[in-house]
>>> print(open('input07.cif').read())   # mmCIF, C-alpha atoms and all ligand atoms
data_model
#
loop_
_atom_site.label_atom_id
_atom_site.label_comp_id
_atom_site.auth_asym_id
_atom_site.auth_seq_id
_atom_site.Cartn_x
_atom_site.Cartn_y
_atom_site.Cartn_z
CA MET A 1 0.00 0.00 0.00
CA SER A 2 1.46 3.37 -0.96
CA GLY A 3 1.05 6.73 0.72
CA PRO A 4 0.61 7.63 4.34
CA CYS A 5 -1.33 5.33 6.59
CA LEU A 6 -4.82 6.79 6.84
CA VAL A 7 -5.91 4.55 9.68
CA PRO A 8 -5.84 6.38 13.00
CA ALA A 9 -4.87 4.42 16.09
CA TRP A 10 -8.13 5.23 17.89
CA SER A 11 -10.13 3.27 15.36
CA MET A 12 -8.52 -0.10 16.06
CA PRO A 13 -10.88 -2.52 17.78
CA GLY A 14 -9.08 -2.64 21.06
CA PRO A 15 -9.56 -3.40 24.69
CA CYS A 16 -12.99 -3.10 26.15
CA LEU A 17 -13.86 0.42 27.24
CA VAL A 18 -16.88 -0.59 29.25
CA PRO A 19 -16.58 -1.57 32.91
CA ALA A 20 -16.97 -5.25 33.67
CA TRP A 21 -20.20 -4.85 35.62
CA SER A 22 -22.02 -3.70 32.58
CA ARG A 23 -21.06 -6.70 30.43
CA PRO A 24 -22.42 -8.48 28.59
CA CYS A 25 -24.61 -5.66 27.47
CA PRO A 26 -27.52 -7.58 26.00
CA CYS A 27 -29.33 -4.58 24.68
CA PRO A 28 -27.86 -3.13 21.53
CA SER A 29 -30.59 -0.53 21.26
CA VAL A 30 -28.70 2.48 22.63
CA LEU A 31 -25.80 1.77 20.37
CA ALA A 32 -28.08 1.05 17.47
CA VAL A 33 -29.95 4.30 17.89
CA THR A 34 -26.67 6.18 18.12
CA HIS A 35 -25.59 4.44 14.95
CA SER A 36 -28.79 5.27 13.14
CA SER A 37 -28.78 8.93 14.13
CA VAL A 38 -25.17 9.42 13.17
CA THR A 39 -25.32 7.60 9.86
CA ARG A 40 -28.68 9.11 8.94
CA ALA A 41 -27.49 12.60 9.82
CA LEU A 42 -24.37 12.19 7.73
CA CYS A 43 -26.42 10.47 5.09
CA ASN A 44 -23.46 9.21 3.20
CA SER A 45 -22.53 6.18 1.23
CA ARG A 46 -19.20 4.48 0.99
CA PHE A 47 -17.93 4.27 -2.54
CA THR A 48 -14.86 6.43 -2.11
CA TYR A 49 -12.57 7.65 0.63
CA GLU A 50 -13.45 11.30 0.08
CA VAL A 51 -17.17 10.63 0.53
CA ALA A 52 -16.94 8.60 3.73
CA PRO A 53 -13.40 8.62 5.06
CA VAL A 54 -14.22 7.53 8.59
CA PHE A 55 -16.55 4.71 7.61
CA VAL A 56 -14.12 3.43 5.00
CA LEU A 57 -11.45 3.25 7.70
CA LEU A 58 -13.77 1.63 10.23
CA GLU A 59 -14.58 -1.00 7.63
CA TYR A 60 -10.91 -1.49 6.91
CA VAL A 61 -9.87 -2.06 10.52
CA THR A 62 -12.88 -4.20 11.40
CA LEU A 63 -12.55 -6.50 8.39
CA LYS A 64 -8.85 -6.87 9.19
CA LYS A 65 -9.69 -7.77 12.77
CA MET A 66 -12.21 -10.35 11.60
CA ARG A 67 -9.62 -11.90 9.27
CA GLU A 68 -7.16 -12.08 12.16
CA ILE A 69 -9.79 -13.93 14.17
CA ILE A 70 -10.31 -16.35 11.27
CA GLY A 71 -6.58 -17.00 11.49
CA TRP A 72 -5.23 -15.51 8.28
CA THR A 73 -1.67 -14.23 8.76
CA ASP A 74 -1.62 -10.62 10.01
CA GLY A 75 -5.26 -10.32 9.04
CA ARG A 76 -4.27 -10.14 5.40
CA GLY A 77 -6.86 -10.61 2.67
CA ASP A 78 -9.90 -8.72 1.57
CA GLY A 79 -13.56 -8.38 2.37
CA ILE A 80 -16.72 -6.38 2.21
CA PHE A 81 -19.86 -5.69 4.19
CA SER A 82 -22.79 -6.83 2.09
CA PRO A 83 -26.58 -6.71 2.42
CA GLY A 84 -26.81 -10.07 4.22
CA GLY A 85 -25.45 -13.59 4.29
CA ALA A 86 -27.26 -14.64 1.14
CA ILE A 87 -25.50 -11.90 -0.81
CA SER A 88 -22.17 -12.67 0.86
CA ASN A 89 -22.51 -16.26 -0.29
CA MET A 90 -23.28 -15.12 -3.81
CA TYR A 91 -20.21 -12.87 -3.79
CA ALA A 92 -18.14 -15.90 -2.82
CA MET A 93 -19.50 -17.92 -5.72
CA LEU A 94 -18.87 -15.02 -8.09
CA LEU A 95 -15.25 -14.81 -6.92
CA ALA A 96 -14.69 -18.55 -7.20
CA ARG A 97 -15.92 -18.53 -10.78
CA PHE A 98 -13.81 -15.49 -11.65
CA LYS A 99 -10.72 -17.04 -10.07
CA MET A 100 -11.00 -20.10 -12.30
CA PHE A 101 -12.26 -18.32 -15.43
CA PRO A 102 -11.39 -14.59 -15.35
CA GLU A 103 -12.64 -14.26 -18.94
CA VAL A 104 -16.20 -14.69 -17.66
CA LYS A 105 -16.26 -11.02 -16.68
CA GLU A 106 -16.10 -9.85 -20.29
CA LYS A 107 -17.32 -12.85 -22.26
CA GLY A 108 -20.06 -14.23 -20.03
CA MET A 109 -21.06 -17.82 -19.32
CA SER A 110 -21.20 -18.99 -22.93
CA CYS A 111 -17.40 -19.17 -23.13
CA LEU A 112 -17.23 -21.49 -20.08
CA PRO A 113 -17.47 -25.25 -19.65
CA LYS A 114 -20.36 -26.46 -17.51
CA LEU A 115 -19.64 -25.56 -13.89
CA VAL A 116 -20.81 -27.37 -10.80
CA ALA A 117 -20.95 -26.34 -7.13
CA PHE A 118 -21.28 -28.50 -4.02
CA THR A 119 -22.93 -27.92 -0.68
CA SER A 120 -24.58 -30.11 1.93
CA GLU A 121 -28.23 -31.05 1.76
CA HIS A 122 -28.73 -29.10 5.01
CA SER A 123 -27.11 -25.94 3.69
CA HIS A 124 -28.87 -22.61 3.33
CA PHE A 125 -31.03 -22.07 0.24
CA SER A 126 -29.01 -18.98 -0.66
CA ILE A 127 -26.37 -21.19 -2.31
CA LYS A 128 -28.92 -22.30 -4.89
CA LYS A 129 -30.27 -18.78 -5.23
CA GLY A 130 -26.77 -17.53 -5.92
CA ALA A 131 -26.28 -20.18 -8.59
CA ALA A 132 -29.55 -19.16 -10.20
CA ALA A 133 -28.69 -15.45 -10.11
CA LEU A 134 -25.22 -15.98 -11.56
CA GLY A 135 -26.51 -18.00 -14.49
CA ILE A 136 -24.98 -21.24 -13.23
CA GLY A 137 -28.37 -22.77 -12.54
CA THR A 138 -29.75 -24.59 -9.52
CA GLU A 139 -29.31 -27.97 -11.20
CA SER A 140 -25.57 -27.34 -11.10
CA VAL A 141 -25.60 -27.29 -7.31
CA VAL A 142 -24.97 -30.83 -6.09
CA CYS A 143 -26.16 -31.66 -2.58
CA ILE A 144 -23.77 -33.66 -0.41
CA ARG A 145 -25.13 -36.09 2.13
CA VAL A 146 -24.99 -35.32 5.82
CA ASP A 147 -24.51 -37.60 8.79
CA GLU A 148 -27.05 -38.15 11.55
CA SER A 149 -26.16 -34.85 13.24
CA GLY A 150 -26.34 -32.82 10.02
CA LYS A 151 -22.66 -32.52 9.14
CA MET A 152 -21.46 -32.87 5.55
CA ILE A 153 -19.87 -36.26 4.83
CA PRO A 154 -16.48 -35.50 3.21
CA ALA A 155 -16.29 -38.93 1.52
CA ASP A 156 -19.56 -38.20 -0.26
CA LEU A 157 -18.17 -34.82 -1.33
CA GLU A 158 -15.18 -36.52 -2.91
CA ARG A 159 -17.36 -39.14 -4.59
CA LYS A 160 -19.63 -36.49 -6.11
CA ILE A 161 -16.72 -34.35 -7.29
CA LEU A 162 -15.31 -37.39 -9.09
CA GLU A 163 -18.69 -38.22 -10.58
CA ALA A 164 -19.00 -34.66 -11.89
CA LYS A 165 -15.55 -34.74 -13.42
CA GLN A 166 -16.34 -38.03 -15.13
CA LYS A 167 -19.35 -36.38 -16.73
CA GLY A 168 -17.07 -33.62 -18.04
CA LEU A 169 -18.36 -30.99 -15.62
CA VAL A 170 -16.00 -28.57 -13.86
CA PRO A 171 -16.22 -28.43 -10.05
CA PHE A 172 -15.45 -24.83 -9.03
CA PHE A 173 -17.03 -24.18 -5.64
CA VAL A 174 -17.65 -26.01 -2.38
CA SER A 175 -19.64 -24.33 0.36
CA ALA A 176 -19.23 -25.87 3.79
CA THR A 177 -21.64 -24.63 6.43
CA ALA A 178 -20.49 -23.56 9.88
CA GLY A 179 -23.72 -23.64 11.83
CA THR A 180 -26.53 -24.96 9.65
CA THR A 181 -29.80 -23.11 9.88
CA VAL A 182 -31.91 -25.93 11.27
CA TYR A 183 -29.60 -28.31 13.20
CA GLY A 184 -26.83 -25.80 13.94
CA ALA A 185 -24.30 -28.34 12.66
CA PHE A 186 -20.72 -27.54 11.76
CA ASP A 187 -19.35 -29.29 8.68
CA PRO A 188 -15.89 -30.83 9.28
CA LEU A 189 -13.84 -28.03 7.74
CA ILE A 190 -10.44 -29.70 7.85
CA ALA A 191 -11.62 -32.80 6.00
CA VAL A 192 -13.59 -30.68 3.52
CA SER A 193 -10.54 -28.50 2.88
CA ASP A 194 -8.44 -31.59 2.14
CA VAL A 195 -10.90 -32.60 -0.58
CA CYS A 196 -11.02 -29.05 -1.98
CA LYS A 197 -7.26 -28.89 -2.10
CA LYS A 198 -6.95 -32.27 -3.80
CA TYR A 199 -9.28 -31.24 -6.61
CA ASN A 200 -8.31 -27.59 -6.67
CA VAL A 201 -11.76 -26.27 -5.86
CA TRP A 202 -12.57 -22.99 -4.08
CA MET A 203 -13.58 -23.60 -0.49
CA HIS A 204 -16.19 -21.29 0.96
CA VAL A 205 -17.40 -21.42 4.55
CA ASP A 206 -20.94 -20.21 5.09
CA GLY A 207 -20.61 -19.07 8.69
CA ALA A 208 -23.59 -16.72 8.52
CA TRP A 209 -24.99 -18.35 11.62
CA GLY A 210 -22.01 -20.08 13.24
CA GLY A 211 -19.16 -17.71 12.31
CA SER A 212 -19.64 -15.70 15.48
CA LEU A 213 -18.47 -18.66 17.55
CA LEU A 214 -14.99 -17.63 16.44
CA MET A 215 -15.27 -14.92 19.10
CA SER A 216 -15.53 -17.53 21.83
CA ARG A 217 -12.44 -19.28 23.18
CA ARG A 218 -14.68 -22.05 24.47
CA HIS A 219 -16.48 -22.76 21.20
CA ARG A 220 -14.24 -21.72 18.32
CA TRP A 221 -12.82 -25.24 17.92
CA LYS A 222 -16.04 -26.07 16.11
CA LEU A 223 -14.69 -24.05 13.19
CA ASP A 224 -11.22 -25.63 13.19
CA GLY A 225 -9.89 -25.41 9.65
CA VAL A 226 -11.76 -22.20 8.79
CA ASP A 227 -8.40 -20.57 8.07
CA ARG A 228 -8.00 -22.95 5.13
CA ALA A 229 -11.05 -21.47 3.39
CA ASN A 230 -10.80 -19.14 0.41
CA SER A 231 -13.77 -17.15 1.65
CA VAL A 232 -15.95 -16.93 4.75
CA THR A 233 -19.42 -15.47 5.32
CA TRP A 234 -19.92 -14.13 8.84
CA ASN A 235 -23.08 -12.33 9.93
CA PRO A 236 -22.65 -10.15 13.02
CA HIS A 237 -26.38 -9.43 12.70
CA LYS A 238 -27.23 -12.94 13.86
CA MET A 239 -25.44 -14.31 16.91
CA MET A 240 -23.67 -11.07 17.84
CA SER A 241 -26.99 -9.16 18.00
CA VAL A 242 -25.84 -6.32 15.81
CA PRO A 243 -29.03 -4.80 14.38
CA LEU A 244 -29.86 -5.81 10.82
CA GLN A 245 -28.14 -5.60 8.52
CA CYS A 246 -24.53 -6.47 9.09
CA SER A 247 -22.91 -9.29 7.16
CA ALA A 248 -19.31 -9.66 6.07
CA LEU A 249 -17.66 -11.68 3.36
CA LEU A 250 -14.00 -12.26 4.13
CA VAL A 251 -11.69 -13.31 1.30
CA ARG A 252 -8.22 -14.79 1.65
CA GLU A 253 -6.75 -13.54 -1.62
CA GLU A 254 -5.99 -9.85 -1.82
CA GLY A 255 -7.07 -7.93 -4.90
CA LEU A 256 -9.38 -10.59 -6.30
CA MET A 257 -12.62 -8.77 -5.42
CA GLU A 258 -11.28 -5.67 -7.02
CA SER A 259 -10.37 -7.33 -10.33
CA CYS A 260 -13.58 -9.34 -10.34
CA ASN A 261 -15.97 -6.44 -9.84
CA GLN A 262 -14.30 -3.13 -10.68
CA MET A 263 -15.52 -1.04 -13.60
CA HIS A 264 -13.43 2.10 -12.98
CA ALA A 265 -16.32 4.51 -13.55
CA CYS A 266 -14.29 7.62 -14.30
CA TYR A 267 -16.66 10.04 -12.59
CA LEU A 268 -16.16 8.29 -9.24
CA PHE A 269 -12.97 6.29 -9.18
CA GLN A 270 -10.52 8.62 -10.88
CA GLN A 271 -7.15 6.95 -11.14
CA ASP A 272 -5.19 10.23 -10.91
CA LYS A 273 -6.24 11.26 -7.40
CA HIS A 274 -3.30 12.46 -5.39
CA TYR A 275 -3.61 9.99 -2.54
CA ASP A 276 -3.69 6.26 -1.85
CA LEU A 277 -6.41 4.79 -4.07
CA SER A 278 -6.64 1.58 -2.08
CA TYR A 279 -9.16 3.29 0.20
CA ASP A 280 -11.61 3.84 -2.66
CA THR A 281 -13.09 0.48 -1.78
CA GLY A 282 -16.47 0.97 -3.44
CA ASP A 283 -15.56 -0.53 -6.80
CA LYS A 284 -15.16 -4.04 -5.43
CA ALA A 285 -18.85 -4.13 -4.55
CA LEU A 286 -21.64 -4.96 -6.94
CA GLN A 287 -23.59 -2.04 -5.52
CA CYS A 288 -22.78 1.57 -6.21
CA GLY A 289 -23.98 3.41 -3.12
CA ARG A 290 -23.93 1.27 -0.01
CA HIS A 291 -25.58 1.62 3.36
CA VAL A 292 -23.26 2.15 6.30
CA ASP A 293 -23.44 -1.18 8.13
CA ILE A 294 -20.05 -0.95 9.74
CA PHE A 295 -20.56 1.79 12.30
CA LYS A 296 -22.88 -0.16 14.59
CA LEU A 297 -20.61 -3.20 14.67
CA TRP A 298 -17.55 -1.08 15.29
CA LEU A 299 -19.37 0.88 18.00
CA MET A 300 -20.57 -2.28 19.75
CA TRP A 301 -17.12 -3.81 19.48
CA ARG A 302 -15.54 -0.71 21.03
CA ALA A 303 -18.16 -0.72 23.77
CA LYS A 304 -18.25 -4.41 24.68
CA GLY A 305 -14.83 -5.51 23.55
CA THR A 306 -14.12 -8.92 22.15
CA ILE A 307 -14.60 -10.14 25.69
CA GLY A 308 -18.13 -8.74 25.82
CA PHE A 309 -19.14 -10.48 22.60
CA GLU A 310 -17.57 -13.66 23.87
CA ALA A 311 -19.54 -13.52 27.13
CA GLN A 312 -22.74 -12.90 25.20
CA ILE A 313 -22.16 -15.86 22.89
CA ASP A 314 -21.11 -18.17 25.71
CA LYS A 315 -24.25 -17.22 27.61
CA CYS A 316 -26.51 -18.17 24.67
CA LEU A 317 -24.78 -21.52 24.32
CA GLU A 318 -25.08 -22.12 28.04
CA LEU A 319 -28.81 -21.45 27.86
CA SER A 320 -29.27 -23.88 25.00
CA GLU A 321 -27.25 -26.52 26.82
CA TYR A 322 -29.51 -26.00 29.81
CA LEU A 323 -32.54 -26.58 27.60
CA TYR A 324 -30.98 -29.69 26.09
CA ASN A 325 -30.11 -31.14 29.49
CA LYS A 326 -33.56 -30.38 30.78
CA ILE A 327 -35.46 -32.20 28.06
CA LYS A 328 -33.16 -34.95 26.82
CA ASP A 329 -34.42 -37.50 29.36
CA ARG A 330 -37.69 -35.83 30.21
CA GLU A 331 -40.86 -37.84 29.74
CA GLY A 332 -42.63 -36.93 26.49
CA TYR A 333 -39.59 -35.45 24.73
CA GLU A 334 -37.41 -36.83 22.00
CA MET A 335 -34.34 -35.22 20.50
CA VAL A 336 -34.22 -35.01 16.71
CA PHE A 337 -30.58 -36.10 16.66
CA ASP A 338 -28.36 -37.69 19.30
CA GLY A 339 -25.77 -35.79 21.24
CA LYS A 340 -25.30 -32.28 22.48
CA PRO A 341 -26.20 -29.56 19.97
CA GLN A 342 -23.15 -27.71 18.66
CA HIS A 343 -24.82 -24.34 18.28
CA THR A 344 -27.80 -22.87 20.11
CA ASN A 345 -30.28 -24.79 17.94
CA VAL A 346 -32.08 -27.33 20.09
CA CYS A 347 -34.26 -29.57 17.90
CA PHE A 348 -36.84 -31.72 19.63
CA TRP A 349 -40.28 -33.27 19.50
CA TYR A 350 -42.83 -32.95 22.23
CA LEU A 351 -45.10 -36.01 22.31
CA PRO A 352 -48.39 -35.27 24.08
CA PRO A 353 -49.77 -38.20 26.09
CA GLY A 354 -52.26 -38.93 23.28
CA VAL A 355 -49.44 -39.50 20.81
CA ARG A 356 -46.82 -40.92 23.16
CA TYR A 357 -48.35 -44.39 23.42
CA ILE A 358 -49.48 -44.97 19.82
CA GLU A 359 -48.10 -48.40 18.84
CA ASP A 360 -48.22 -48.12 15.05
CA LYS A 361 -45.06 -46.29 13.99
CA GLU A 362 -46.44 -44.69 10.85
CA GLU A 363 -49.58 -43.53 12.60
CA LYS A 364 -47.51 -42.10 15.43
CA LYS A 365 -45.38 -40.13 12.96
CA LYS A 366 -48.49 -38.84 11.23
CA GLN A 367 -50.01 -37.60 14.48
CA LEU A 368 -46.72 -36.18 15.75
CA HIS A 369 -46.41 -34.13 12.55
CA LYS A 370 -49.53 -32.20 13.57
CA VAL A 371 -48.45 -31.41 17.14
CA ALA A 372 -45.96 -28.57 16.71
CA PRO A 373 -48.19 -26.43 14.44
CA VAL A 374 -51.07 -26.64 16.94
CA ILE A 375 -48.90 -25.76 19.93
CA LYS A 376 -47.31 -22.92 18.02
CA ALA A 377 -50.72 -21.55 17.03
CA ARG A 378 -51.85 -21.70 20.66
CA MET A 379 -48.69 -19.90 21.75
CA MET A 380 -49.50 -17.11 19.36
CA GLU A 381 -53.09 -17.00 20.49
CA TYR A 382 -52.04 -16.64 24.13
CA GLY A 383 -49.12 -14.43 23.22
CA THR A 384 -46.94 -16.03 25.86
CA THR A 385 -43.95 -17.31 23.94
CA MET A 386 -42.84 -18.39 20.50
CA VAL A 387 -40.71 -21.11 19.02
CA SER A 388 -40.30 -22.17 15.43
CA TYR A 389 -40.89 -25.59 13.95
CA GLN A 390 -40.28 -27.35 10.64
CA PRO A 391 -39.87 -30.78 9.11
CA GLN A 392 -36.48 -31.77 7.70
CA GLY A 393 -35.93 -34.63 5.27
CA ASP A 394 -37.87 -37.61 6.59
CA LYS A 395 -38.31 -36.06 10.06
CA VAL A 396 -41.80 -34.80 10.78
CA ASN A 397 -42.43 -31.34 12.26
CA PHE A 398 -40.18 -30.67 15.22
CA PHE A 399 -39.51 -27.68 17.42
CA ARG A 400 -36.31 -25.76 16.87
CA MET A 401 -35.46 -23.48 19.74
CA VAL A 402 -32.72 -21.07 18.79
CA ILE A 403 -31.27 -18.77 21.41
CA SER A 404 -29.50 -15.65 20.25
CA ASN A 405 -30.61 -13.23 22.93
CA PRO A 406 -28.17 -13.26 25.84
CA ALA A 407 -30.74 -11.46 27.99
CA ALA A 408 -32.81 -14.66 28.11
CA THR A 409 -32.68 -16.51 31.43
CA PHE A 410 -32.87 -20.06 32.73
CA GLU A 411 -36.36 -19.17 33.99
CA ASP A 412 -37.38 -18.30 30.44
CA ILE A 413 -36.31 -21.79 29.36
CA ASP A 414 -38.26 -23.36 32.24
CA PHE A 415 -41.28 -21.33 31.19
CA LEU A 416 -40.99 -22.46 27.58
CA ILE A 417 -41.14 -26.11 28.63
CA GLU A 418 -44.05 -25.53 31.03
CA GLU A 419 -45.87 -23.69 28.28
CA ILE A 420 -45.35 -26.43 25.67
CA GLU A 421 -46.72 -28.98 28.13
CA ARG A 422 -49.62 -26.78 29.22
CA LEU A 423 -50.70 -26.08 25.64
CA GLY A 424 -50.05 -29.54 24.30
CA GLN A 425 -51.12 -32.01 26.97
CA ASP A 426 -54.65 -32.47 25.63
CA LEU A 427 -53.54 -33.31 22.09
C1 LIG B 1 -29.26 -16.87 7.87
C2 LIG B 1 -28.36 -17.64 7.02
C3 LIG B 1 -27.99 -17.18 5.75
C4 LIG B 1 -28.59 -15.94 5.13
O1 LIG B 1 -28.21 -14.78 5.79
P1 LIG B 1 -29.08 -13.44 5.59
O2 LIG B 1 -28.28 -12.42 6.29
O3 LIG B 1 -30.41 -13.68 6.19
O4 LIG B 1 -29.16 -13.20 4.12
C5 LIG B 1 -27.08 -17.91 5.02
N1 LIG B 1 -26.57 -19.04 5.52
C6 LIG B 1 -26.90 -19.53 6.73
C7 LIG B 1 -26.28 -20.79 7.22
C8 LIG B 1 -27.81 -18.85 7.53
O5 LIG B 1 -28.18 -19.35 8.72
#
>>> encode(input="input07.cif", output="structure tokens")
Amino acid sequence: MSGPCLVPAWSMPGPCLVPAWSRPCPCPSVLAVTHSSVTRALCNSRFTYEVAPVFVLLEYVTLKKMREIIGWTDGRGDGIFSPGGAISNMYAMLLARFKMFPEVKEKGMSCLPKLVAFTSEHSHFSIKKGAAALGIGTESVVCIRVDESGKMIPADLERKILEAKQKGLVPFFVSATAGTTVYGAFDPLIAVSDVCKKYNVWMHVDGAWGGSLLMSRRHRWKLDGVDRANSVTWNPHKMMSVPLQCSALLVREEGLMESCNQMHACYLFQQDKHYDLSYDTGDKALQCGRHVDIFKLWLMWRAKGTIGFEAQIDKCLELSEYLYNKIKDREGYEMVFDGKPQHTNVCFWYLPPGVRYIEDKEEKKKQLHKVAPVIKARMMEYGTTMVSYQPQGDKVNFFRMVISNPAATFEDIDFLIEEIERLGQDL
């Protein structure tokens, strides 16, 4: 990087400035309101340094910090704040394609062989959406099988990559999920990276939900191998309770985003400015004007410190473990998969007495499928609590309790269970 360093020391995410008694601060509202008033008052976008110097720098230091946490040497690499995890994932796919076939930028898809991407059958639907939007097509996204707890099976990944190659297709992108949306499962990143390396395929980690566990010394082992990825999606607007929207895509290779997306519009990104052009970061985005998503994250980080985020995340995981321990052997409950949940997703069935003793297995499944929707509807009617439910594969409707609010208490969990039993016992 040429020219003077434009990053002032005060902007580095540093030690926590807030006294210990006030941590973890579960309520982001004060910070969020501050953020909104400041960014709305300034009403600026972030295409160039001259338009939003402070926000460009905040983005620079924060993305660097996040890359350090991922484990990339000296926080080197690139990144961008995008309008959500789905878009971050699409950016990753765009970069992977460009890396393998840079000519696609000018010539389009017709000059390319048939590409194929891989992701687990439990992955987020945004991978398929991205493939559709980029002209790759949803049929070119191959779903990899998962084990009983929802983790991608690396041997199946290898098998399907080989199958694709035999058909003359070109594998270009693997998306491993760190924290799947329903089970909260973490794909085995080290094993997946070995396969990606062997076949020279871009490895993306969709950590939209689970990426925040990197902030926790107790839980970050679940993402072991994330530093081997070419790109990582990480949504501070999920587990870190930063108000929507705040999602980052982190990229290991420097300069790739720039060459992939830049158009050098001469009325904005003049190349003869008399200062360091590397801070005109807008041209690596697909958008022109962008909303300022960085200030609230930076502000919360300055206020809580890494330690504050860690405490908040650990608390949520502790609450979900409490829920799991409470129901795993409790009469009338069945866990959807064996073993302790890895994230805060606790997936379970509640079997009301009327369903519990049905002998016929198929009939029991059929009746159980109807339980969660009725209980949920009653919850909404009474307005007491809420929990989501869904089927998954061959599993009938089950409850999925996800805890991302560190202000929740053990009593809240007790209440949830009492409420499920109160509203469901007559079914
Ligand atoms: C939520 C989620 C996304 C999408 O993120 P948005 O910010 O809602 O676009 C992508 N992947 C996973 C695993 C998610 O849980």
>>> atom_distance(input="input07.cif", atom1="CA of Ser120 (chain A)", atom2="CA of Cys143 (chain A)")
5.0 Å
>>> residues_near_point(input="input07.cif", point="(-39.7, -26.8, 16.8)", cutoff="6 Å", atoms="only C-alpha atoms", output="count of residues only")
5
>>> closest_atom_pairs(input="input07.cif", of="chain A", to="ligand LIG 1 (chain B)", cutoff="9 Å", atoms="all atoms listed in the file", output="JSON lines")
{"residue": "A:Ser82", "atom": "CA", "partner": "B:LIG1", "partner_atom": "O2", "distance": 8.9}
{"residue": "A:Pro83", "atom": "CA", "partner": "B:LIG1", "partner_atom": "O2", "distance": 7.1}
{"residue": "A:Gly84", "atom": "CA", "partner": "B:LIG1", "partner_atom": "O2", "distance": 3.5}
{"residue": "A:Gly85", "atom": "CA", "partner": "B:LIG1", "partner_atom": "O1", "distance": 3.4}
{"residue": "A:Ala86", "atom": "CA", "partner": "B:LIG1", "partner_atom": "O4", "distance": 3.8}
{"residue": "A:Ile87", "atom": "CA", "partner": "B:LIG1", "partner_atom": "O4", "distance": 6.3}
{"residue": "A:Ser88", "atom": "CA", "partner": "B:LIG1", "partner_atom": "O4", "distance": 7.7}
{"residue": "A:Asn89", "atom": "CA", "partner": "B:LIG1", "partner_atom": "C5", "distance": 7.2}
{"residue": "A:His122", "atom": "CA", "partner": "B:LIG1", "partner_atom": "C7", "distance": 8.9}
{"residue": "A:Ser123", "atom": "CA", "partner": "B:LIG1", "partner_atom": "C7", "distance": 6.3}
{"residue": "A:His124", "atom": "CA", "partner": "B:LIG1", "partner_atom": "N1", "distance": 4.8}
{"residue": "A:Phe125", "atom": "CA", "partner": "B:LIG1", "partner_atom": "C5", "distance": 7.5}
{"residue": "A:Ser126", "atom": "CA", "partner": "B:LIG1", "partner_atom": "C5", "distance": 6.1}
{"residue": "A:Ile127", "atom": "CA", "partner": "B:LIG1", "partner_atom": "C5", "distance": 8.1}
{"residue": "A:Thr177", "atom": "CA", "partner": "B:LIG1", "partner_atom": "C7", "distance": 6.1}
{"residue": "A:Ala178", "atom": "CA", "partner": "B:LIG1", "partner_atom": "C7", "distance": 6.9}
{"residue": "A:Gly179", "atom": "CA", "partner": "B:LIG1", "partner_atom": "C7", "distance": 6.0}
{"residue": "A:Thr180", "atom": "CA", "partner": "B:LIG1", "partner_atom": "C7", "distance": 4.8}
{"residue": "A:Thr181", "atom": "CA", "partner": "B:LIG1", "partner_atom": "O5", "distance": 4.3}
{"residue": "A:Val182", "atom": "CA", "partner": "B:LIG1", "partner_atom": "O5", "distance": 8.0}
{"residue": "A:Gly184", "atom": "CA", "partner": "B:LIG1", "partner_atom": "C7", "distance": 8.4}
{"residue": "A:Asp206", "atom": "CA", "partner": "B:LIG1", "partner_atom": "N1", "distance": 5.8}
{"residue": "A:Gly207", "atom": "CA", "partner": "B:LIG1", "partner_atom": "C7", "distance": 6.1}
{"residue": "A:Ala208", "atom": "CA", "partner": "B:LIG1", "partner_atom": "C6", "distance": 4.7}
{"residue": "A:Trp209", "atom": "CA", "partner": "B:LIG1", "partner_atom": "O5", "distance": 4.4}
{"residue": "A:Gly210", "atom": "CA", "partner": "B:LIG1", "partner_atom": "C7", "distance": 7.4}
{"residue": "A:Thr233", "atom": "CA", "partner": "B:LIG1", "partner_atom": "N1", "distance": 8.0}
{"residue": "A:Trp234", "atom": "CA", "partner": "B:LIG1", "partner_atom": "O1", "distance": 8.9}
{"residue": "A:Asn235", "atom": "CA", "partner": "B:LIG1", "partner_atom": "O2", "distance": 6.3}
{"residue": "A:His237", "atom": "CA", "partner": "B:LIG1", "partner_atom": "O2", "distance": 7.3}
{"residue": "A:Lys238", "atom": "CA", "partner": "B:LIG1", "partner_atom": "C1", "distance": 7.4}
{"residue": "A:Leu244", "atom": "CA", "partner": "B:LIG1", "partner_atom": "O2", "distance": 8.2}
{"residue": "A:Gln245", "atom": "CA", "partner": "B:LIG1", "partner_atom": "O2", "distance": 7.2}
{"residue": "A:Cys246", "atom": "CA", "partner": "B:LIG1", "partner_atom": "O2", "distance": 7.6}
{"residue": "A:Ser247", "atom": "CA", "partner": "B:LIG1", "partner_atom": "O2", "distance": 6.3}
>>> closest_residue(input="input07.cif", among="A:Gln367, A:Thr62, A:Thr385, A:Ser231", to="Trp301 (chain A)", atoms="only C-alpha atoms")
A:Thr62
>>> residues_around(input="input07.cif", residues="Ser259 (chain A)", least_positions_apart="5", cutoff="9 Å", atoms="only C-alpha atoms", output="list in words")
Phe98, Pro102 and Lys284 of chain A
>>> write_last_selection(input="input07.cif", atoms="C-alpha atoms", output="CSV table (one decimal), in the coordinates of the input")
chain,number,residue,atom,x,y,z
A,98,PHE,CA,-13.8,-15.5,-11.6
A,102,PRO,CA,-11.4,-14.6,-15.4
A,284,LYS,CA,-15.2,-4.0,-5.4
>>> residues_near_point(input="input07.cif", point="(-11.6, -30.0, 10.9)", cutoff="9 Å", atoms="only C-alpha atoms", output="ChimeraX atom specification")
/A:187-193,221-226
>>> residues_around(input="input07.cif", residues="Gln312 (chain A)", least_positions_apart="3", cutoff="7 Å", atoms="all atoms listed in the file", output="VMD selection string")
chain A and resid 24 308 to 309 315 to 316 406
